[in-house]
Each structure stands twice: as C-alpha cells, then as structure tokens.
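Shown next: coords_12.txt, containing compact mmCIF, C-alpha atoms.
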# COMPACT_ATOMS: atom_id res chain seq x y z
CA MET P 1 73.79 37.70 183.43
CA ASN P 2 72.77 35.90 180.24
CA TRP P 3 69.11 36.90 179.78
CA LEU P 4 68.54 34.32 177.03
CA LEU P 5 69.76 31.47 179.26
CA ILE P 6 67.36 32.58 182.01
CA LEU P 7 64.51 32.81 179.51
CA ILE P 8 65.13 29.35 178.03
CA ILE P 9 65.51 27.72 181.46
CA ALA P 10 62.20 29.36 182.40
CA VAL P 11 60.60 27.92 179.25
CA PHE P 12 61.80 24.40 180.13
CA ALA P 13 60.59 24.81 183.73
CA LEU P 14 57.22 26.17 182.63
CA TYR P 15 56.60 23.34 180.17
CA ALA P 16 57.74 20.73 182.72
CA TRP P 17 55.26 22.15 185.24
CA SER P 18 52.56 22.36 182.59
CA GLY P 19 53.28 18.73 181.67
CA TRP P 20 52.83 17.63 185.29
CA ARG P 21 49.62 19.66 185.64
CA ARG P 22 48.03 18.58 182.38
CA GLY P 23 49.33 15.01 182.37
CA MET P 24 51.00 12.80 179.80
CA ILE P 25 47.94 12.06 177.69
CA MET P 26 47.11 15.68 177.02
CA ILE P 27 50.79 16.44 176.48
CA VAL P 28 51.13 13.47 174.12
CA MET P 29 48.20 14.76 172.11
CA SER P 30 49.76 18.21 172.05
CA PHE P 31 53.15 16.67 171.23
CA ALA P 32 51.55 14.62 168.45
CA ALA P 33 50.09 17.83 167.09
CA MET P 34 53.55 19.41 167.07
CA ILE P 35 55.28 16.39 165.53
CA GLY P 36 52.51 16.04 162.96
CA SER P 37 52.89 19.72 162.18
CA VAL P 38 56.66 19.34 161.75
CA VAL P 39 56.22 16.36 159.40
CA VAL P 40 53.51 18.01 157.29
CA THR P 41 55.34 21.33 157.26
CA SER P 42 58.66 19.74 156.25
CA ALA P 43 56.89 18.32 153.22
CA ALA P 44 54.81 21.39 152.32
CA ALA P 45 57.05 24.35 153.21
CA PRO P 46 59.70 23.72 150.49
CA ALA P 47 57.00 23.97 147.82
CA LEU P 48 55.78 27.26 149.25
CA SER P 49 59.30 28.69 149.56
CA SER P 50 60.10 27.67 145.97
CA TYR P 51 56.94 29.41 144.79
CA VAL P 52 57.78 32.57 146.73
CA MET P 53 61.35 32.62 145.40
CA ASP P 54 60.35 31.98 141.79
CA ASN P 55 57.18 34.06 141.52
CA THR P 56 57.57 37.08 143.80
CA ALA P 57 60.05 39.90 144.35
CA ILE P 58 60.45 39.02 148.03
CA TYR P 59 63.57 36.89 147.56
CA GLU P 60 65.41 39.51 145.51
CA THR P 61 64.48 42.24 148.00
CA ILE P 62 65.79 40.20 150.93
CA ARG P 63 68.96 39.26 149.02
CA LYS P 64 69.71 42.90 148.19
CA ASN P 65 68.98 44.11 151.73
CA THR P 66 71.15 41.34 153.17
CA TYR P 67 73.99 42.20 150.78
CA ASP P 68 73.78 45.89 151.74
CA SER P 69 73.66 45.02 155.45
CA LEU P 70 76.69 42.72 155.24
CA LYS P 71 78.63 45.39 153.35
CA SER P 72 77.69 48.27 155.66
CA ARG P 73 78.52 46.27 158.80
CA GLY P 74 81.81 45.02 157.34
CA VAL P 75 80.97 41.44 158.32
CA VAL P 76 82.68 39.80 155.35
CA SER P 77 85.62 42.22 155.21
CA GLN P 78 86.42 41.44 158.86
CA ALA P 79 86.24 37.70 158.17
CA ILE P 80 88.50 38.11 155.12
CA GLU P 81 91.02 40.16 157.09
CA SER P 82 91.13 37.57 159.86
CA ALA P 83 91.46 34.66 157.42
CA GLY P 84 94.05 36.59 155.43
CA GLU P 85 96.22 37.08 158.50
CA GLU P 86 96.16 33.35 159.19
CA ALA P 87 96.95 32.53 155.55
CA GLY P 88 99.66 35.20 155.22
CA ILE P 89 97.73 37.15 152.54
CA SER P 90 98.02 40.92 152.84
CA ASP P 91 95.07 43.14 151.85
CA ALA P 92 93.05 40.02 151.03
CA GLY P 93 89.79 41.90 150.45
CA SER P 94 91.25 43.86 147.54
CA ILE P 95 92.66 41.00 145.48
CA ASP P 96 90.95 39.47 142.47
CA ILE P 97 89.45 36.00 142.81
CA SER P 98 91.88 34.73 140.17
CA GLU P 99 94.86 35.83 142.26
CA LEU P 100 94.13 33.22 144.91
CA GLY P 101 95.08 30.40 142.57
CA GLY P 102 95.43 27.09 144.38
CA LYS P 103 94.64 28.74 147.71
CA PHE P 104 91.06 29.52 146.65
CA ASP P 105 89.20 26.60 148.24
CA ASP P 106 90.98 26.62 151.60
CA PHE P 107 90.90 30.40 151.93
CA ILE P 108 87.21 30.77 151.03
CA GLU P 109 86.26 27.99 153.42
CA GLU P 110 88.19 29.71 156.22
CA VAL P 111 86.53 33.07 155.49
CA ILE P 112 83.01 31.63 155.53
CA GLN P 113 83.67 29.73 158.76
CA GLN P 114 84.47 33.08 160.42
CA ILE P 115 81.23 34.79 159.35
CA PRO P 116 78.66 34.93 162.20
CA LEU P 117 76.08 32.50 160.81
CA PRO P 118 74.42 29.36 162.20
CA GLU P 119 76.96 26.52 162.17
CA ALA P 120 74.87 24.43 159.77
CA VAL P 121 74.62 27.37 157.35
CA ARG P 122 78.37 28.02 157.52
CA ASP P 123 79.18 24.38 156.83
CA LYS P 124 76.80 24.16 153.87
CA ALA P 125 77.97 27.49 152.47
CA ALA P 126 81.63 26.51 152.81
CA SER P 127 80.92 23.22 151.05
CA ALA P 128 79.10 24.98 148.22
CA ALA P 129 81.92 27.52 147.87
CA ILE P 130 84.64 24.95 147.26
CA GLY P 131 85.50 24.55 143.61
CA GLY P 132 84.78 28.12 142.59
CA THR P 133 81.02 28.14 143.21
CA ILE P 134 81.29 31.60 144.74
CA SER P 135 82.18 33.31 141.50
CA GLY P 136 79.46 31.38 139.68
CA SER P 137 76.81 32.25 142.25
CA VAL P 138 77.23 35.95 141.54
CA ASN P 139 77.45 35.46 137.77
CA ASN P 140 81.12 36.46 137.72
CA THR P 141 80.18 40.14 138.10
CA ALA P 142 82.33 40.70 141.18
CA SER P 143 86.07 40.59 140.65
CA LYS P 144 87.00 41.58 144.20
CA LEU P 145 86.98 38.89 146.84
CA GLU P 146 84.82 40.78 149.35
CA ASP P 147 82.11 41.49 146.77
CA ALA P 148 82.10 37.89 145.60
CA ILE P 149 81.82 36.38 149.08
CA THR P 150 79.26 38.95 150.22
CA GLY P 151 77.09 38.18 147.20
CA PHE P 152 77.46 34.45 147.76
CA VAL P 153 76.55 34.65 151.46
CA ALA P 154 73.64 37.03 150.77
CA VAL P 155 72.15 34.48 148.37
CA ARG P 156 72.41 31.75 151.03
CA ILE P 157 70.97 33.92 153.81
CA ALA P 158 68.09 35.11 151.62
CA GLY P 159 67.21 31.51 150.81
CA MET P 160 67.40 30.58 154.49
CA ILE P 161 65.14 33.48 155.49
CA ILE P 162 62.51 32.66 152.84
CA SER P 163 62.57 28.97 153.74
CA SER P 164 62.38 29.66 157.48
CA ALA P 165 59.54 32.18 157.15
CA CYS P 166 57.51 29.79 154.97
CA TYR P 167 58.18 26.99 157.45
CA ILE P 168 56.88 29.06 160.37
CA ILE P 169 53.74 30.15 158.49
CA VAL P 170 52.84 26.63 157.35
CA PHE P 171 53.70 25.17 160.76
CA ALA P 172 51.42 27.60 162.61
CA ALA P 173 48.47 26.88 160.31
CA VAL P 174 48.86 23.09 160.45
CA TYR P 175 49.46 23.06 164.22
CA VAL P 176 46.25 24.96 164.97
CA VAL P 177 44.17 22.60 162.83
CA ILE P 178 45.67 19.43 164.37
CA ARG P 179 45.32 20.78 167.94
CA LEU P 180 41.63 21.46 167.39
CA LEU P 181 41.11 17.89 166.19
CA LEU P 182 43.09 16.27 169.02
CA ARG P 183 41.33 18.20 171.78
CA LEU P 184 38.23 16.15 171.01
CA ALA P 185 40.00 13.12 172.55
CA ASN P 186 40.83 14.80 175.88
CA GLY P 187 38.39 12.80 178.02
CA ILE P 188 40.65 9.77 178.57
CA SER P 189 43.16 11.79 180.61
CA ARG P 190 40.65 12.09 183.48
CA LEU P 191 40.45 8.35 184.23
CA PRO P 192 41.42 7.84 187.96
CA LEU P 193 43.63 4.74 187.51
CA ILE P 194 46.10 6.44 185.23
CA LYS P 195 46.08 9.93 186.75
CA GLU P 196 49.41 9.80 188.67
CA VAL P 197 51.43 8.06 185.95
CA ASN P 198 49.82 10.44 183.52
CA LYS P 199 51.13 13.46 185.46
CA THR P 200 54.65 12.07 186.02
CA LEU P 201 55.21 11.22 182.38
CA GLY P 202 53.71 14.56 181.50
CA ILE P 203 56.84 16.26 182.88
CA LEU P 204 59.06 14.42 180.38
CA PHE P 205 56.84 15.22 177.44
CA GLY P 206 56.62 18.83 178.59
CA ILE P 207 60.42 19.13 178.48
CA ILE P 208 60.54 17.61 174.98
CA LYS P 209 57.89 20.04 173.82
CA ALA P 210 59.89 22.93 175.31
CA LEU P 211 62.92 21.81 173.29
CA LEU P 212 60.93 22.00 170.06
CA ILE P 213 59.67 25.46 171.03
CA VAL P 214 63.24 26.64 171.65
CA TRP P 215 64.36 25.24 168.29
CA LEU P 216 61.50 27.02 166.53
CA PHE P 217 62.53 30.23 168.31
CA PHE P 218 66.05 29.85 166.90
CA VAL P 219 64.55 29.37 163.42
CA ALA P 220 62.73 32.69 163.92
CA VAL P 221 66.05 34.26 164.96
CA ALA P 222 67.50 33.08 161.64
CA VAL P 223 64.61 34.78 159.81
CA LEU P 224 65.45 38.03 161.65
CA TYR P 225 69.18 37.65 160.87
CA ASN P 226 69.74 41.34 160.01
CA THR P 227 68.01 42.76 163.10
CA ALA P 228 69.51 44.01 166.35
CA PHE P 229 67.39 41.48 168.26
CA SER P 230 68.91 38.58 166.33
CA GLN P 231 72.42 39.88 166.92
CA ALA P 232 71.69 40.21 170.66
CA VAL P 233 70.40 36.63 170.76
CA MET P 234 73.50 35.34 168.97
CA THR P 235 75.74 37.17 171.44
CA CYS P 236 74.00 35.33 174.28
CA VAL P 237 74.26 32.01 172.41
CA ASN P 238 77.98 32.42 171.82
CA ASP P 239 78.55 33.30 175.50
CA ASN P 240 77.02 30.09 176.89
CA ALA P 241 77.94 26.47 176.10
CA PHE P 242 74.42 25.14 176.80
CA LEU P 243 72.78 27.70 174.50
CA ALA P 244 75.40 27.06 171.82
CA TRP P 245 74.67 23.32 172.03
CA LEU P 246 70.93 23.91 171.67
CA TYR P 247 71.52 26.25 168.72
CA ASN P 248 74.03 24.12 166.84
CA ASN P 249 72.06 20.88 167.32
CA ASN P 250 68.79 22.33 166.07
CA ILE P 251 67.21 19.48 164.07
CA ILE P 252 64.60 21.78 162.54
CA MET P 253 67.28 24.22 161.37
CA ASN P 254 69.34 21.37 159.92
CA ILE P 255 66.30 20.20 157.93
CA LEU P 256 65.75 23.72 156.61
CA VAL P 257 69.41 24.23 155.70
CA GLY P 258 69.47 20.87 153.92
CA THR P 259 66.36 21.89 151.95
CA VAL P 260 67.74 25.30 150.94
CA MET P 261 71.35 24.37 150.22
CA GLY P 262 71.04 20.78 149.07

Starting from the coordinates I provided, produce the structure as structure tokens.
Amino acid sequence: MNWLLILIIAVFALYAWSGWRRGMIMIVMSFAAMIGSVVVTSAAAPALSSYVMDNTAIYETIRKNTYDSLKSRGVVSQAIESAGEEAGISDAGSIDISELGGKFDDFIEEVIQQIPLPEAVRDKAASAAIGGTISGSVNNTASKLEDAITGFVAVRIAGMIISSACYIIVFAAVYVVIRLLLRLANGISRLPLIKEVNKTLGILFGIIKALLIVWLFFVAVAVLYNTAFSQAVMTCVNDNAFLAWLYNNNIIMNILVGTVMG
C-alpha cells in the first residue's frame, strides 16, 4: 500500500471537511493569506537565498555534502552506465569529457534525465548542460565524466535546497502575519443568509488549499533531497500516477527552479 497516497488523500479529505465546516468566507480569507504569502515570498525569497549563497558558508557546505552523497550512492555513475549502454559507449564513466566529441550534448542530456531529481530540475539542468556548461560549472577541474556531472548536479541541487529553504522560512513568517490580520474580518461568515452557500463553496476552497499544502510539502522534500525520508517519498511518488502528476506539476517548485536556474 502506498502510504504517501493515503496521507495525501487524507489531507484533501480533511481540508474539504474543514472547508465545509468553516465556510467559504473563512476559507477565502485563509486562502488569501496563503496566496498573498506565495506572492510576497516569491518576490522576497530570491533576495534572501542570494544573500545566503553569497555571504555564508551554507551553500558550499551543502554543495560538498551533496557531491559526496551522490558519489557514495553511485547515483551519477548508474545514470552514466545506463545512458552509455543506450548510446553504445563502453565504460562511459571513465572517459574524458573531450572524448565525447559531437556526442557530448545528447549524451549529457540523457544522463541527467536518468538522475532521480524533480522533473523540472532535470529539464533545467539538462538545458544548462548543453553546449559544454558542465565542464565550465566545475571550473574544468574534473576530467572524468562522472566527476564533471556529479559536480554540475551538486551545484544545481545545492542552489535548489538553499532557495527552497529560504522560500519556506519567508513563507511561514509572512503567512502568520497575514492570517492574524485577516482573522479580524471573520464576523461576516456568521450572517444567516449566506451560511449554506458559504459552507458548500468552502469545500472547493478547502481542496484548493490542500493542493497548495501538498505542493509545499514536495518543496520540503526537495530541501531534504539527501535524506532517507526524501528517498522514501520519491519511491512512493514514482509508484503512483496521481502522486507523480501532483509532483511534476508543482507550480511552486517550477517557480523556484526558474529562479535558481534561470
């Protein structure tokens, strides 16, 4: 049984019930708080993540730990081996970057597409890799293909983790402030004439709110990319079409990836 699917269905059911109980007006105010938080955070979080990356050692620590984790788990070497078999390249992980010649772009793109990353991250990373960006991103210090790709992916993952963590921190702070302000307007939801419509529409808004919560959860999973919990979540996602759709169509994640990778 897919525990993540059960959990997410429960979240949707809970928020739908909560929407019916609380009514549309209260849900709309809560939803407005969430949307307002997303808008404000999308504008403010990139500045915070840039500051953290440029002025602290956090980014370099995460990049190094990610690189070591990818190497120890053999994530990239497995992707290279698989892509090499399809391209007819033997011992692909041991060749120099220069040996790929005209096959470089296609081969690198295929390798990155086989690395277990969010789809949006894979697509952006593959795009950035084409044209030899991989060797440039690691300052041409890695002559072997596996080292070059691992370094390239580690840079992308570290940026994604920093950006996602900053997003969550800013979002939480802004959301709390906006919710406190909007609660002052709660009185209108108790008017008798609009009570039933209020409750019915509340279900719809509750489901929409649940979707945003699930997307934020997947952003947190991206932050915890190197943990066993994250790997367990991704196993569940890959085993279920509905979960995969939710994960790969995560608007918040797409905004973050676009911010980090251009």

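Considering only C-alpha atoms, the residue among P:Asp239, P:Glu196, P:Glu81, P:Asp68 positioned nearest to Val153 of chain P is P:Asp68.
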
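Interatomic distance, atom CA of Ala232 of chain P against atom CA of Asp147 of chain P: 26.1 Å.
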
Mind running segment 139-173 of chain P against segment 44-63 of chain P at 6 Å and telling me each contacting residue's nearest atom pair with the distance in Å (one decimal), counting only C-alpha atoms, chain and number ascending, as a Markdown table?
| residue | atom | partner | partner_atom | distance |
| --- | --- | --- | --- | --- |
| P:Ala154 | CA | P:Arg63 | CA | 5.5 |
| P:Val155 | CA | P:Arg63 | CA | 5.8 |
| P:Ala158 | CA | P:Arg63 | CA | 5.0 |
| P:Ser163 | CA | P:Ser49 | CA | 5.3 |
| P:Cys166 | CA | P:Ala45 | CA | 5.7 |
| P:Tyr167 | CA | P:Ala45 | CA | 5.1 |

Could you tell me how far atom CA of Arg122 of chain P sits from atom CA of Ile162 of chain P, in Å to one decimal place? 17.2 Å

Which centre and which edge lengths, in Å to one decimal, describe the axis-aligned box that holds all listed atoms of segment 227-243 of chain P after 8 Å is added on each side, as JSON?
{"center_x": 73.0, "center_y": 34.6, "center_z": 170.0, "size_x": 27.2, "size_y": 34.9, "size_z": 29.8}

From P:Asn226, P:Ser37, P:Gln231, P:Ser42, residue lying nearest Lys64 of chain P [all atoms listed in the file]: P:Asn226

Find, counting all atoms listed in the file, the residue in P:Ile80, P:Leu216, P:Leu201, P:Ala228 that gets nearest to Trp17 of chain P. P:Leu201

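One finds atom CA of Glu146 of chain P at 12.7 Å from atom CA of Ser82 of chain P.
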
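Between Ile6 of chain P and the residues P:Tyr247, P:Phe107, P:Phe242, P:Phe217, the shortest atom-to-atom distance, using only C-alpha atoms, involves P:Phe242.
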
Looking at P:Tyr175, P:Tyr225, P:Phe218, P:Phe152, which one is nearest to Tyr67 of chain P, with distances taken over all atoms listed in the file? P:Phe152

Using only C-alpha atoms, find each residue of segment 174-250 of chain P with at least one atom at most 10 Å away from an atom of segment 31-35 of chain P; report its shortest atom-to-atom pair and that distance in Å (one decimal), sort the rows by chain and rising residue number, and return the result as a tab-separated table.
residue	atom	partner	partner_atom	distance
P:Val174	CA	P:Ala33	CA	8.6
P:Tyr175	CA	P:Ala33	CA	6.0
P:Val176	CA	P:Ala33	CA	8.4
P:Val177	CA	P:Ala33	CA	8.7
P:Ile178	CA	P:Ala33	CA	5.4
P:Arg179	CA	P:Ala33	CA	5.7
P:Leu180	CA	P:Ala33	CA	9.2
P:Leu181	CA	P:Ala33	CA	9.0
P:Leu182	CA	P:Ala33	CA	7.4
P:Arg183	CA	P:Ala33	CA	9.9
P:Phe205	CA	P:Phe31	CA	7.4
P:Gly206	CA	P:Phe31	CA	8.4
P:Ile208	CA	P:Phe31	CA	8.3
P:Lys209	CA	P:Phe31	CA	6.4
P:Leu212	CA	P:Met34	CA	8.4
P:Ile213	CA	P:Met34	CA	9.5

Nearest candidate to Ile168 of chain P (options P:Thr41, P:Ser18, P:Thr227, P:Ser30; using all atoms listed in the file): P:Thr41

Could you rebuild segment 9-25 of chain P with N, CA and C atoms and give me the result as a tab-separated table (two decimals), in the frame of the given file?
chain	number	residue	atom	x	y	z
P	9	ILE	N	65.70	28.57	180.28
P	9	ILE	CA	65.51	27.72	181.46
P	9	ILE	C	64.08	27.87	181.98
P	10	ALA	N	63.58	29.11	181.96
P	10	ALA	CA	62.20	29.36	182.40
P	10	ALA	C	61.20	28.64	181.50
P	11	VAL	N	61.48	28.62	180.19
P	11	VAL	CA	60.60	27.92	179.25
P	11	VAL	C	60.56	26.43	179.56
P	12	PHE	N	61.74	25.83	179.79
P	12	PHE	CA	61.80	24.40	180.13
P	12	PHE	C	61.05	24.12	181.44
P	13	ALA	N	61.26	24.99	182.44
P	13	ALA	CA	60.59	24.81	183.73
P	13	ALA	C	59.08	24.95	183.59
P	14	LEU	N	58.65	25.93	182.82
P	14	LEU	CA	57.22	26.17	182.63
P	14	LEU	C	56.55	24.99	181.94
P	15	TYR	N	57.20	24.46	180.90
P	15	TYR	CA	56.60	23.34	180.17
P	15	TYR	C	56.65	22.05	180.99
P	16	ALA	N	57.69	21.90	181.83
P	16	ALA	CA	57.74	20.73	182.72
P	16	ALA	C	56.59	20.79	183.72
P	17	TRP	N	56.37	21.97	184.29
P	17	TRP	CA	55.26	22.15	185.24
P	17	TRP	C	53.92	21.95	184.55
P	18	SER	N	53.80	22.52	183.35
P	18	SER	CA	52.56	22.36	182.59
P	18	SER	C	52.31	20.90	182.26
P	19	GLY	N	53.41	20.16	181.97
P	19	GLY	CA	53.28	18.73	181.67
P	19	GLY	C	52.78	17.95	182.87
P	20	TRP	N	53.29	18.30	184.07
P	20	TRP	CA	52.83	17.63	185.29
P	20	TRP	C	51.36	17.95	185.55
P	21	ARG	N	50.99	19.22	185.35
P	21	ARG	CA	49.62	19.66	185.64
P	21	ARG	C	48.61	19.06	184.66
P	22	ARG	N	48.97	19.04	183.40
P	22	ARG	CA	48.03	18.58	182.38
P	22	ARG	C	48.06	17.06	182.20
P	23	GLY	N	49.22	16.46	182.50
P	23	GLY	CA	49.33	15.01	182.37
P	23	GLY	C	49.86	14.58	181.02
P	24	MET	N	50.36	13.33	181.00
P	24	MET	CA	51.00	12.80	179.80
P	24	MET	C	50.06	12.74	178.61
P	25	ILE	N	48.83	12.29	178.83
P	25	ILE	CA	47.94	12.06	177.69
P	25	ILE	C	47.66	13.35	176.93
